[in-house]
Amino acid sequence: MLTRIIAARYLGGHSVWLRFSDGLEGPVDLSAELAGEVFEPLRDQAYFALVELHPELHTLVWPNGADFAPEFLREKLLVAA
């Protein structure tokens with residue numbers, strides 16, 4: 001069974017706090033991951049702050065269609081711990 005993001009909140013800068021369905025939780029800094037055309041708008045902290053948890057996909061999304069796979073975000077959290 002895939003682990004899903006069940007809660008997320010913007011922390012400031014380019015960081016979000018995440019909670020996964022298996023209980024893993026903590027902050028994830030995405031500042032180093034904002035390369036490429038779709039992620040360009042997210043470099044603006046005000047735009048990054050528009051992050052939402054998609055209710056069906058269970059991942060982070062932004063109004064321009066940018067998103068990160070839950071598996072990628074979970075790995076980022078594990079590496080940072």
# chains A, B, ... in the order shown; residues from 1 in each chain; ligands from 1

$ residues_around --residues "A:Arg43" --least-positions-apart "5" --cutoff "9 Å" --atoms "only C-alpha atoms" --output "ChimeraX atom specification"
/A:14,31,34-35,48

$ residues_around --residues "A:Val51" --least-positions-apart "2" --cutoff "6 Å" --atoms "only C-alpha atoms" --output "list in words"
Phe48, Ala49, Val61 and Trp62 of chain A

$ write_last_selection --atoms "C-alpha atoms" --output "mmCIF file, in the first residue's frame"
data_model
loop_
_atom_site.group_PDB
_atom_site.id
_atom_site.type_symbol
_atom_site.label_atom_id
_atom_site.label_comp_id
_atom_site.auth_asym_id
_atom_site.auth_seq_id
_atom_site.Cartn_x
_atom_site.Cartn_y
_atom_site.Cartn_z
ATOM 1 C CA PHE A 48 4.936 28.923 -3.109
ATOM 2 C CA ALA A 49 2.694 29.737 -0.120
ATOM 3 C CA VAL A 61 -0.147 21.052 -5.776
ATOM 4 C CA TRP A 62 -0.007 24.690 -6.875
#

$ residues_around --residues "A:Gly23" --least-positions-apart "2" --cutoff "10 Å" --atoms "only C-alpha atoms" --output "number ranges by chain"
A: 3, 5-6, 18-21, 25-26

$ write_last_selection --atoms "N, CA, C and O atoms" --output "PDB file, in the first residue's frame"
ATOM      1  N   THR A   3       2.056   4.972   0.721  1.00  0.00           N
ATOM      2  CA  THR A   3       1.888   5.951   1.778  1.00  0.00           C
ATOM      3  C   THR A   3       1.369   7.244   1.168  1.00  0.00           C
ATOM      4  O   THR A   3       1.871   7.687   0.142  1.00  0.00           O
ATOM      5  N   ILE A   5       0.036  11.418   1.686  1.00  0.00           N
ATOM      6  CA  ILE A   5       0.117  12.616   2.525  1.00  0.00           C
ATOM      7  C   ILE A   5      -1.284  12.884   3.042  1.00  0.00           C
ATOM      8  O   ILE A   5      -2.235  12.972   2.261  1.00  0.00           O
ATOM      9  N   ILE A   6      -1.429  13.004   4.352  1.00  0.00           N
ATOM     10  CA  ILE A   6      -2.753  13.238   4.927  1.00  0.00           C
ATOM     11  C   ILE A   6      -2.903  14.633   5.520  1.00  0.00           C
ATOM     12  O   ILE A   6      -4.013  15.053   5.831  1.00  0.00           O
ATOM     13  N   LEU A  18       4.709  18.127   6.549  1.00  0.00           N
ATOM     14  CA  LEU A  18       3.885  17.053   5.997  1.00  0.00           C
ATOM     15  C   LEU A  18       3.657  15.964   7.030  1.00  0.00           C
ATOM     16  O   LEU A  18       4.523  15.687   7.860  1.00  0.00           O
ATOM     17  N   ARG A  19       2.481  15.323   6.942  1.00  0.00           N
ATOM     18  CA  ARG A  19       2.206  14.109   7.716  1.00  0.00           C
ATOM     19  C   ARG A  19       1.737  13.047   6.723  1.00  0.00           C
ATOM     20  O   ARG A  19       0.847  13.296   5.911  1.00  0.00           O
ATOM     21  N   PHE A  20       2.359  11.878   6.822  1.00  0.00           N
ATOM     22  CA  PHE A  20       2.021  10.762   5.945  1.00  0.00           C
ATOM     23  C   PHE A  20       1.120   9.770   6.673  1.00  0.00           C
ATOM     24  O   PHE A  20       1.088   9.726   7.900  1.00  0.00           O
ATOM     25  N   SER A  21       0.430   8.951   5.898  1.00  0.00           N
ATOM     26  CA  SER A  21      -0.532   8.005   6.466  1.00  0.00           C
ATOM     27  C   SER A  21       0.125   6.950   7.357  1.00  0.00           C
ATOM     28  O   SER A  21      -0.556   6.341   8.179  1.00  0.00           O
ATOM     29  N   GLU A  25       6.162  12.288   9.894  1.00  0.00           N
ATOM     30  CA  GLU A  25       5.827  13.700   9.731  1.00  0.00           C
ATOM     31  C   GLU A  25       7.048  14.562   9.973  1.00  0.00           C
ATOM     32  O   GLU A  25       7.992  14.148  10.631  1.00  0.00           O
ATOM     33  N   GLY A  26       7.006  15.769   9.402  1.00  0.00           N
ATOM     34  CA  GLY A  26       8.088  16.706   9.610  1.00  0.00           C
ATOM     35  C   GLY A  26       8.195  17.702   8.477  1.00  0.00           C
ATOM     36  O   GLY A  26       7.420  17.662   7.514  1.00  0.00           O
TER      37      GLY A  26
END

$ closest_residue --among "A:Ala69, A:Ala46, A:Val79, A:Leu57" --to "A:Leu11" --atoms "only C-alpha atoms"
A:Ala46

$ closest_residue --among "A:Ala80, A:Leu42, A:Leu50, A:Ala66" --to "A:Tyr10" --atoms "only C-alpha atoms"
A:Leu50

$ atom_distance --atom1 "atom CA of A:Ala8" --atom2 "atom CA of A:Val38"
20.7 Å

$ atom_distance --atom1 "atom CA of A:Leu77" --atom2 "atom CA of A:Val28"
5.7 Å

$ atom_distance --atom1 "atom CA of A:Pro55" --atom2 "atom CA of A:Leu2"
15.4 Å

$ closest_residue --among "A:Leu24, A:Gln45, A:Glu37, A:Leu78" --to "A:Gly65" --atoms "only C-alpha atoms"
A:Glu37

$ select_by_dssp --residues "chain A" --states "strand (DSSP E or B)" --output "PyMOL selection string"
chain A and resi 5-12+15-20+25-29+52-53+60-61+67

$ select_by_dssp --residues "chain A" --states "helix (DSSP H, G or I)" --output "PyMOL selection string"
chain A and resi 31-33+40-43+45-48+70-80

$ residues_around --residues "A:Lys76" --least-positions-apart "6" --cutoff "10 Å" --atoms "only C-alpha atoms" --output "PDB file with N, CA, C and O atoms, in the first residue's frame"
ATOM      1  N   PRO A  27       9.167  18.610   8.585  1.00  0.00           N
ATOM      2  CA  PRO A  27       9.340  19.651   7.567  1.00  0.00           C
ATOM      3  C   PRO A  27      10.143  19.157   6.362  1.00  0.00           C
ATOM      4  O   PRO A  27      11.032  18.318   6.501  1.00  0.00           O
ATOM      5  N   VAL A  28       9.805  19.700   5.209  1.00  0.00           N
ATOM      6  CA  VAL A  28      10.522  19.409   3.972  1.00  0.00           C
ATOM      7  C   VAL A  28      10.843  20.738   3.299  1.00  0.00           C
ATOM      8  O   VAL A  28       9.948  21.551   3.068  1.00  0.00           O
ATOM      9  N   ASP A  29      12.123  20.948   3.021  1.00  0.00           N
ATOM     10  CA  ASP A  29      12.571  22.147   2.317  1.00  0.00           C
ATOM     11  C   ASP A  29      12.691  21.805   0.832  1.00  0.00           C
ATOM     12  O   ASP A  29      13.462  20.925   0.454  1.00  0.00           O
ATOM     13  N   LEU A  30      11.931  22.508  -0.005  1.00  0.00           N
ATOM     14  CA  LEU A  30      11.925  22.237  -1.440  1.00  0.00           C
ATOM     15  C   LEU A  30      12.705  23.276  -2.239  1.00  0.00           C
ATOM     16  O   LEU A  30      12.642  23.281  -3.469  1.00  0.00           O
ATOM     17  N   PRO A  70       4.167  12.101  -3.963  1.00  0.00           N
ATOM     18  CA  PRO A  70       4.254  11.830  -2.523  1.00  0.00           C
ATOM     19  C   PRO A  70       5.488  11.005  -2.160  1.00  0.00           C
ATOM     20  O   PRO A  70       6.102  11.232  -1.116  1.00  0.00           O
TER      21      PRO A  70
END
